[in-house]
Structures are given as C-alpha cells and as structure tokens.
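Undergrad: Structure file structure-v4.cif, mmCIF, C-alpha atoms, is pasted below:
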```
data_target
loop_
_atom_site.label_atom_id
_atom_site.label_comp_id
_atom_site.auth_asym_id
_atom_site.auth_seq_id
_atom_site.Cartn_x
_atom_site.Cartn_y
_atom_site.Cartn_z
CA MET Z 222 -42.66 74.19 44.88
CA SER Z 223 -40.94 77.32 46.17
CA ILE Z 224 -43.75 78.13 48.64
CA ARG Z 225 -43.75 74.56 49.99
CA SER Z 226 -39.95 74.35 50.35
CA SER Z 227 -39.66 77.75 51.99
CA LEU Z 228 -42.41 76.74 54.43
CA ARG Z 229 -40.55 73.54 55.24
CA SER Z 230 -37.27 75.36 55.84
CA ARG Z 231 -39.01 77.93 58.04
CA VAL Z 232 -40.62 75.17 60.15
CA ALA Z 233 -37.29 73.34 60.37
CA SER Z 234 -35.43 76.42 61.58
CA TRP Z 235 -38.23 77.05 64.10
CA GLU Z 236 -38.02 73.46 65.43
CA ARG Z 237 -34.20 73.35 65.78
CA PRO Z 238 -33.86 75.05 69.19
CA PHE Z 239 -36.62 72.81 70.63
CA ARG Z 240 -34.80 69.70 69.39
CA TRP Z 241 -31.61 70.83 71.13
CA ALA Z 242 -33.52 71.62 74.30
CA GLY Z 243 -35.08 68.14 74.16
CA ARG Z 244 -31.63 66.53 73.92
CA VAL Z 245 -30.39 68.53 76.92
CA VAL Z 246 -33.45 67.44 78.94
CA ASP Z 247 -32.88 63.78 77.94
CA TRP Z 248 -29.22 64.02 78.95
CA LEU Z 249 -30.11 65.54 82.33
CA ARG Z 250 -32.74 62.86 82.91
CA ALA Z 251 -30.27 60.07 82.09
CA PHE Z 252 -27.81 61.58 84.54
CA GLY Z 253 -30.19 61.13 87.47
CA GLU Z 254 -31.49 57.71 86.46
CA PRO Z 255 -30.79 54.62 88.59
CA PRO Z 256 -28.18 52.19 87.23
CA ALA Z 257 -29.29 49.81 84.48
CA PRO Z 258 -30.94 46.56 85.60
CA THR Z 259 -28.83 43.43 86.01
CA GLU Z 260 -29.46 41.96 82.56
CA GLU Z 261 -28.39 45.17 80.85
CA ARG Z 262 -25.38 45.81 83.01
CA TRP Z 263 -23.80 42.35 82.64
CA GLY Z 264 -25.79 40.80 79.79
CA LEU Z 265 -26.67 38.13 82.33
CA GLU Z 266 -29.03 35.22 81.72
CA ARG Z 267 -30.49 33.95 85.01
CA PRO Z 268 -31.55 30.41 84.12
CA TRP Z 269 -33.32 29.79 87.44
CA LEU Z 270 -36.04 32.23 86.33
CA ILE Z 271 -36.78 30.35 83.10
CA ASN Z 272 -38.97 27.29 82.52
CA TRP Z 273 -36.82 24.85 80.55
CA GLN Z 274 -39.34 21.99 80.39
CA TRP Z 275 -40.10 22.64 76.74
CA VAL Z 276 -36.45 22.55 75.65
CA PRO Z 277 -35.53 19.24 73.94
CA LYS Z 278 -33.15 16.85 75.67
CA ARG Z 279 -29.42 17.60 75.32
CA SER Z 280 -30.20 20.99 73.81
CA ALA Z 281 -29.33 24.48 75.04
CA GLY Z 282 -32.57 25.87 73.63
CA PRO Z 283 -33.21 28.35 70.83
CA GLY Z 284 -30.55 30.62 69.39
CA PHE Z 285 -27.75 28.08 69.74
CA GLY Z 286 -25.79 26.99 66.67
CA PRO Z 287 -22.54 24.99 66.42
CA HIS Z 288 -20.48 28.07 67.25
CA GLU Z 289 -22.46 28.80 70.43
CA TYR Z 290 -22.25 25.17 71.58
CA ALA Z 291 -18.48 25.08 71.00
CA ARG Z 292 -18.02 28.36 72.84
CA ALA Z 293 -20.20 27.29 75.78
CA ARG Z 294 -18.35 23.96 76.11
CA ALA Z 295 -14.96 25.69 76.03
CA ARG Z 296 -16.01 28.16 78.71
CA GLY Z 297 -17.65 25.38 80.70
CA ALA Z 298 -14.36 23.49 80.69
CA GLU Z 299 -12.54 26.50 82.12
CA VAL Z 300 -15.11 26.87 84.88
CA ALA Z 301 -15.04 23.13 85.60
CA ARG Z 302 -11.28 23.23 86.02
CA ALA Z 303 -11.53 26.17 88.42
CA THR Z 304 -14.34 24.44 90.32
CA MET Z 305 -12.78 21.03 90.86
CA GLY Z 306 -9.14 22.13 91.00
CA ASP Z 307 -6.20 21.35 88.72
CA GLU Z 308 -5.43 17.93 90.20
CA ASN Z 309 -8.97 16.57 89.80
CA TRP Z 310 -9.25 18.19 86.38
CA GLU Z 311 -6.09 16.46 85.14
CA PHE Z 312 -7.28 13.14 86.55
CA LEU Z 313 -10.62 13.50 84.79
CA ARG Z 314 -8.91 14.36 81.50
CA ARG Z 315 -6.47 11.47 81.72
CA GLN Z 316 -8.77 8.75 83.07
CA GLY Z 317 -12.14 9.88 81.71
CA TYR Z 318 -13.71 9.72 85.16
CA LEU Z 319 -13.38 11.18 88.64
CA ASP Z 320 -13.96 9.13 91.78
CA VAL Z 321 -15.50 10.66 94.90
CA ARG Z 322 -15.39 8.56 98.03
CA SER Z 323 -18.63 8.49 100.03
CA ARG Z 324 -18.52 9.91 103.54
CA LYS Z 325 -21.91 8.46 104.43
CA MET Z 326 -21.78 4.91 103.14
CA PRO Z 327 -18.79 2.68 103.89
CA GLY Z 328 -17.22 1.02 100.89
CA LEU Z 329 -18.90 3.26 98.30
CA THR Z 330 -17.22 5.33 95.60
CA TYR Z 331 -19.17 7.56 93.20
CA ARG Z 332 -17.68 7.53 89.72
CA LEU Z 333 -18.36 10.72 87.76
CA ARG Z 334 -18.15 10.64 83.96
CA VAL Z 335 -18.83 13.68 81.78
CA GLY Z 336 -22.44 13.78 80.60
CA ARG Z 337 -23.35 10.34 81.99
CA ARG Z 338 -25.09 8.87 85.01
CA ILE Z 339 -23.12 8.44 88.23
CA GLN Z 340 -21.75 4.92 88.56
CA LEU Z 341 -21.70 3.29 92.00
CA ILE Z 342 -18.52 1.34 92.75
CA TRP Z 343 -18.61 -0.85 95.88
CA ASP Z 344 -15.46 -2.14 97.54
CA ASN Z 345 -16.98 -5.59 98.01
CA LEU Z 346 -20.25 -7.50 97.98
CA GLU Z 347 -20.84 -7.05 101.67
CA HIS Z 348 -20.83 -3.27 101.35
CA ALA Z 349 -22.99 -3.47 98.23
CA MET Z 350 -25.59 -5.43 100.20
CA HIS Z 351 -26.21 -2.29 102.30
CA SER Z 352 -26.82 -0.05 99.29
CA PRO Z 353 -29.96 2.09 99.64
CA TRP Z 354 -30.44 1.79 95.88
CA PRO Z 355 -31.47 -1.28 93.90
CA TYR Z 356 -29.27 -0.37 90.91
CA ASP Z 357 -25.69 0.72 90.15
CA TYR Z 358 -26.36 4.00 88.33
CA LEU Z 359 -27.78 7.26 89.63
CA CYS Z 360 -29.48 9.69 87.29
CA ILE Z 361 -29.15 13.32 88.36
CA ASN Z 362 -29.66 16.30 86.07
CA PRO Z 363 -29.38 20.06 86.51
CA THR Z 364 -32.75 21.78 86.30
CA TYR Z 365 -31.49 23.95 83.43
CA PRO Z 366 -29.19 23.23 80.47
CA LEU Z 367 -25.45 23.29 81.13
CA PRO Z 368 -22.32 22.12 79.32
CA ALA Z 369 -21.79 18.51 80.44
CA VAL Z 370 -18.29 19.07 81.78
CA GLU Z 371 -19.44 22.03 83.87
CA PHE Z 372 -22.20 19.96 85.45
CA THR Z 373 -19.69 17.21 86.23
CA ALA Z 374 -17.76 19.73 88.31
CA GLN Z 375 -20.97 20.82 90.04
CA LEU Z 376 -21.86 17.21 90.84
CA TYR Z 377 -18.40 16.81 92.29
CA LEU Z 378 -19.13 19.68 94.72
CA TYR Z 379 -22.55 18.25 95.61
CA LEU Z 380 -21.08 14.79 96.29
CA ARG Z 381 -18.19 16.14 98.31
CA ASP Z 382 -20.10 18.78 100.31
CA ARG Z 383 -23.79 17.75 100.21
CA GLU Z 384 -23.91 14.02 99.80
CA ASP Z 385 -27.20 13.81 101.72
CA GLN Z 386 -28.92 15.93 99.09
CA VAL Z 387 -27.60 13.74 96.29
CA VAL Z 388 -28.80 10.60 98.11
CA ARG Z 389 -32.28 12.13 98.52
CA THR Z 390 -32.50 13.38 94.94
CA ALA Z 391 -30.90 10.61 92.87
CA ALA Z 392 -33.01 8.36 90.69
CA PRO Z 393 -31.45 4.87 90.63
CA GLN Z 394 -31.29 3.28 87.19
CA PRO Z 395 -30.37 -0.24 86.02
CA PHE Z 396 -28.20 0.91 83.12
CA ASP Z 397 -25.87 3.67 82.00
CA GLN Z 398 -27.10 6.50 79.77
CA LEU Z 399 -26.38 10.07 78.68
CA LEU Z 400 -27.90 12.77 80.88
CA GLY Z 401 -30.80 14.67 79.37
CA ARG Z 402 -30.28 18.23 80.57
CA VAL Z 403 -26.64 18.70 79.57
CA PHE Z 404 -25.03 19.10 76.16
CA MET D 169 -12.36 42.62 92.31
CA GLY D 170 -14.96 40.14 93.52
CA ARG D 171 -16.99 38.10 91.08
CA ILE D 172 -19.86 35.67 90.74
CA ILE D 173 -19.57 33.00 88.08
CA VAL D 174 -23.08 32.25 86.87
CA ALA D 175 -22.93 28.81 85.27
CA ASN D 176 -25.56 28.71 82.56
CA ARG D 177 -26.04 27.43 79.03
CA HIS D 178 -23.48 29.94 77.77
CA GLY D 179 -20.85 28.17 79.84
CA ASP D 180 -20.56 30.99 82.30
CA GLN D 181 -21.31 34.64 82.70
CA VAL D 182 -19.58 36.84 85.22
CA VAL D 183 -20.83 39.53 87.60
CA GLN D 184 -18.05 41.67 89.05
CA TRP D 185 -17.74 44.30 91.74
CA ASP D 186 -15.08 46.29 93.49
CA PRO D 187 -15.31 45.70 97.26
CA ALA D 188 -13.69 49.08 97.87
CA ALA D 189 -16.12 50.93 95.59
CA THR D 190 -16.98 54.46 96.65
CA THR D 191 -19.09 55.56 93.68
CA ASP D 192 -22.86 55.05 93.47
CA GLU D 193 -22.42 52.73 90.51
CA GLY D 194 -19.81 50.66 92.33
CA ARG D 195 -22.00 50.30 95.42
CA ALA D 196 -24.98 49.44 93.20
CA ALA D 197 -22.94 46.62 91.64
CA ILE D 198 -22.35 45.13 95.11
CA VAL D 199 -26.06 45.36 95.95
CA GLU D 200 -26.98 43.71 92.65
CA ALA D 201 -24.45 40.91 93.18
CA GLU D 202 -25.98 40.23 96.59
CA GLN D 203 -29.48 40.23 95.08
CA ILE D 204 -28.43 37.75 92.39
CA LEU D 205 -27.08 35.32 95.00
CA ARG D 206 -30.19 35.67 97.16
CA GLU D 207 -32.51 35.20 94.18
CA ALA D 208 -30.61 32.11 92.95
CA ARG D 209 -30.70 30.52 96.41
CA ALA D 210 -34.42 31.24 96.71
CA ARG D 211 -34.91 29.33 93.44
CA GLY D 212 -33.06 26.27 94.72
CA CYS D 213 -29.55 26.95 93.45
CA ALA D 214 -26.52 26.21 95.60
CA VAL D 215 -23.67 28.66 95.96
CA SER D 216 -19.99 27.84 96.20
CA LYS D 217 -17.35 30.14 97.59
CA LYS D 218 -13.65 30.09 96.86
CA VAL D 219 -11.77 29.44 100.08
CA ASP D 220 -7.97 29.05 100.00
CA GLY D 221 -8.11 28.56 96.26
CA LYS D 222 -10.78 25.84 96.49
CA HIS D 223 -14.53 25.99 95.82
CA VAL D 224 -16.77 24.79 98.66
CA LEU D 225 -20.57 24.87 98.87
CA ASP D 226 -21.60 27.64 101.21
CA ASP D 227 -24.79 28.82 102.93
CA GLY D 228 -23.37 31.99 104.44
CA ALA D 229 -24.44 35.55 103.78
CA PHE D 230 -22.95 37.42 100.84
CA ASP D 231 -19.55 38.87 101.63
CA PRO D 232 -18.25 41.44 99.12
CA GLN D 233 -14.68 40.68 100.24
CA VAL D 234 -14.89 37.12 98.85
CA ASP D 235 -12.87 36.70 95.64
CA GLU D 236 -15.21 34.36 93.85
CA TYR D 237 -18.65 32.86 94.19
CA GLN D 238 -20.25 30.43 91.80
CA ILE D 239 -23.94 29.70 91.34
CA ILE D 240 -24.53 25.96 91.12
CA ALA D 241 -27.59 24.57 89.34
CA PRO D 242 -30.30 22.85 91.40
CA ILE D 243 -30.36 19.09 90.82
CA ALA D 244 -33.26 16.78 90.02
CA GLY D 245 -33.42 13.01 89.84
CA GLY D 246 -34.22 11.25 86.56
#
```
I need this file expressed as structure tokens, please.

TA:
Amino acid sequence: MSIRSSLRSRVASWERPFRWAGRVVDWLRAFGEPPAPTEERWGLERPWLINWQWVPKRSAGPGFGPHEYARARARGAEVARATMGDENWEFLRRQGYLDVRSRKMPGLTYRLRVGRRIQLIWDNLEHAMHSPWPYDYLCINPTYPLPAVEFTAQLYLYLRDREDQVVRTAAPQPFDQLLGRVF
Amino acid sequence: MGRIIVANRHGDQVVQWDPAATTDEGRAAIVEAEQILREARARGCAVSKKVDGKHVLDDGAFDPQVDEYQIIAPIAGG
C-alpha cells in the first residue's frame, strides 16, 4: 500500500509541471484561433440548409414542446409587427385579416389570414372573369416551418413587393384550409 | 448596431454587428453577416431591408450601414 501510494504521488508531482505547460499551450493556441463559426457565435439555425420534407404538417420538428411553440409564436408576433408596420398589425389584430390590393390585376384584393390560404376578393364579376386562377383560394407555404403570424407578414411583403412571384408560385384551391408548413 | 433577423421555427434569431467595428472579431461579424445573407439568397430566400422604418424586399448587396435586414422564407405552392 505504502509503495503504491508513494509511487502514485511521485508520478503526480512529476506530471504537474507538464499539465500546466499544456494549459499554457492550449491558451496560446486559442488566442490565435479564428473566430467561432456562425452557429456557435449566435446559436443560429439556418433553416434553408435543412431538408424539412420529413417534418409532419403544422409541426416545428423535433425538440419542440408547448413552451417552445409558445415562445416561437410570441417572438414571431413581434417580428411580424416590425415587418408589416404598426398600422397593418393593428388592422390584422382587430379584423382578423389584412387586405393587399393587387398592382397587376385590376379589381383584385388578396385577403391574408393568419395560417390560412390567401382569399381572392374581386370587386365585381367582370373583374373576376379575368382571373388567371380557376378558384378563389391560393395555397402558398414557406419551404421551412415558421410561426403562422410571421409567415403572414412575409406573405404581405411578397404580395406588396413581388406579386409576380406569388402569381407564378401559388396553387389555386377550391376551398379554404390551414397551411401545412406553419404552426 | 446592424442586425439580421433570421425568421425560423424559433420565431426569430438575430445576427448583430457594429458597422464601426475596428477589432478583428467585429470585422469578422460583418463578414459572417454578409455570408449569411448571400447563402440564404443562394438557397432561394428573399431579403428585406428596413428603409425609413419600413421593411421592403431588396436585391441589393449587403450594406453594413443598414439598420436591419430580415431573411424571408422561400415560398412554394400547395
């Protein structure tokens, strides 16, 4: 027992300076290292790099419980307000929808509702006769999961600034329904 | 401080930089912010820029003096 323990203590005292030297070398190495990659620096998830096809409809994917959903929706609401502006935000909250007048098609108004398909509102039958779509609802989803209210604000930007892209992308549908890629 | 709001399933995540940064780390943050915007655009995302307090979709090059960018999800029909 005494031989073994004295051996151990001798080895330990012999190792100590090397351990300290190792720590100094590690510290010096860290000093010259390039900054941490994006994910580490900001804890950022870049959803455009991920394949979301396997994630069930109206789900944010694994690792999300009620607390995470509530938090994401609350943050999404803040971003939506900043994106669409206070006036539009208040209108959406009060009325439950936000209307965006078409700049391409006379007599057309896009009605945005949180988490639902876009509803087409025509001023009159004559204008409706020139609709490029056979139905009154347009189904458009984000390619990755988002809080529904946040995507509503993004659709607002697309309709206001890139209506052509929406017209090209939209899938016309005969009835209203919840969107699949928002929660 | 400039920032990019990355809208994702967490609601949003924020990337920030100081446009007047003089340190290596500060300059690296600007370079990374620019890379994030470029990468998102290459994957089909749109980018909005805050102009006069209002977000507008924008195709311009990254400008570190801009107060706020936002990455907008690509859209798909159906």

Undergrad: Mind telling me what the PyMOL selection byres ((chain Z and resi 320-333) around 6) catches here, as a list of chain:residue names?

TA: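 Going through the file, the PyMOL selection byres ((chain Z and resi 320-333) around 6) ends up selecting Z:Tyr318, Z:Leu319, Z:Arg334, Z:Ile339, Z:Gln340, Z:Leu341, Z:Ile342, Z:Trp343, Z:Asp344, Z:His348.
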
Undergrad: Calculated over all atoms listed in the file, which of the candidates D:Val224, D:Arg177, D:Gly212, D:Arg171 has the smallest distance to Z:Arg279?

TA: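 Checking each candidate against Z:Arg279, we get D:Arg177 as the closest.
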
Undergrad: Can you list what the PyMOL selection byres ((chain D) within 7 of (chain Z)) grabs from this structure, as a PDB file with C-alpha atoms, keeping the file's coordinate frame?

TA:
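Contents of out.pdb, freshly written:
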```pdb
ATOM      1  CA  ASN D 176     -25.560  28.710  82.560  1.00  0.00           C
ATOM      2  CA  ARG D 177     -26.040  27.430  79.030  1.00  0.00           C
ATOM      3  CA  HIS D 178     -23.480  29.940  77.770  1.00  0.00           C
ATOM      4  CA  GLY D 179     -20.850  28.170  79.840  1.00  0.00           C
ATOM      5  CA  ASP D 180     -20.560  30.990  82.300  1.00  0.00           C
ATOM      6  CA  GLN D 181     -21.310  34.640  82.700  1.00  0.00           C
ATOM      7  CA  VAL D 183     -20.830  39.530  87.600  1.00  0.00           C
ATOM      8  CA  GLU D 193     -22.420  52.730  90.510  1.00  0.00           C
ATOM      9  CA  GLU D 200     -26.980  43.710  92.650  1.00  0.00           C
ATOM     10  CA  ALA D 208     -30.610  32.110  92.950  1.00  0.00           C
ATOM     11  CA  ARG D 211     -34.910  29.330  93.440  1.00  0.00           C
ATOM     12  CA  LYS D 222     -10.780  25.840  96.490  1.00  0.00           C
ATOM     13  CA  HIS D 223     -14.530  25.990  95.820  1.00  0.00           C
ATOM     14  CA  VAL D 224     -16.770  24.790  98.660  1.00  0.00           C
ATOM     15  CA  LEU D 225     -20.570  24.870  98.870  1.00  0.00           C
ATOM     16  CA  ILE D 240     -24.530  25.960  91.120  1.00  0.00           C
ATOM     17  CA  ALA D 241     -27.590  24.570  89.340  1.00  0.00           C
ATOM     18  CA  PRO D 242     -30.300  22.850  91.400  1.00  0.00           C
ATOM     19  CA  ILE D 243     -30.360  19.090  90.820  1.00  0.00           C
ATOM     20  CA  ALA D 244     -33.260  16.780  90.020  1.00  0.00           C
ATOM     21  CA  GLY D 245     -33.420  13.010  89.840  1.00  0.00           C
ATOM     22  CA  GLY D 246     -34.220  11.250  86.560  1.00  0.00           C
TER      23      GLY D 246
END
```

Undergrad: What separation in Å, quoted to one decimal, exists between atom CA of D:Ala229 and atom CA of D:Pro187?

TA: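 Computing it gives 15.1 Å between the two atoms.
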
Undergrad: To verify the selection step, state as a count of residues only which residues the PyMOL selection byres ((chain D and resi 186) around 10) yields on this input.

TA: 15

Undergrad: For atom CA of D:Ala201 and atom CA of D:Val215, quote the distance in Å rounded to one decimal.

TA: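 One can read the atom CA of D:Ala201 to atom CA of D:Val215 distance as 12.6 Å.
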
Undergrad: Could you tell me how far atom CA of Z:Trp354 sits from atom CA of Z:Pro395, in Å to one decimal place?

TA: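 According to the coordinates, atom CA of Z:Pro395 and atom CA of Z:Trp354 are separated by 10.1 Å.
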
Undergrad: Tell me which of D:Gly221, D:Ile172, D:Asp192, D:Ile204 sits closest to Z:Asp307, counting only C-alpha atoms.

TA: D:Gly221
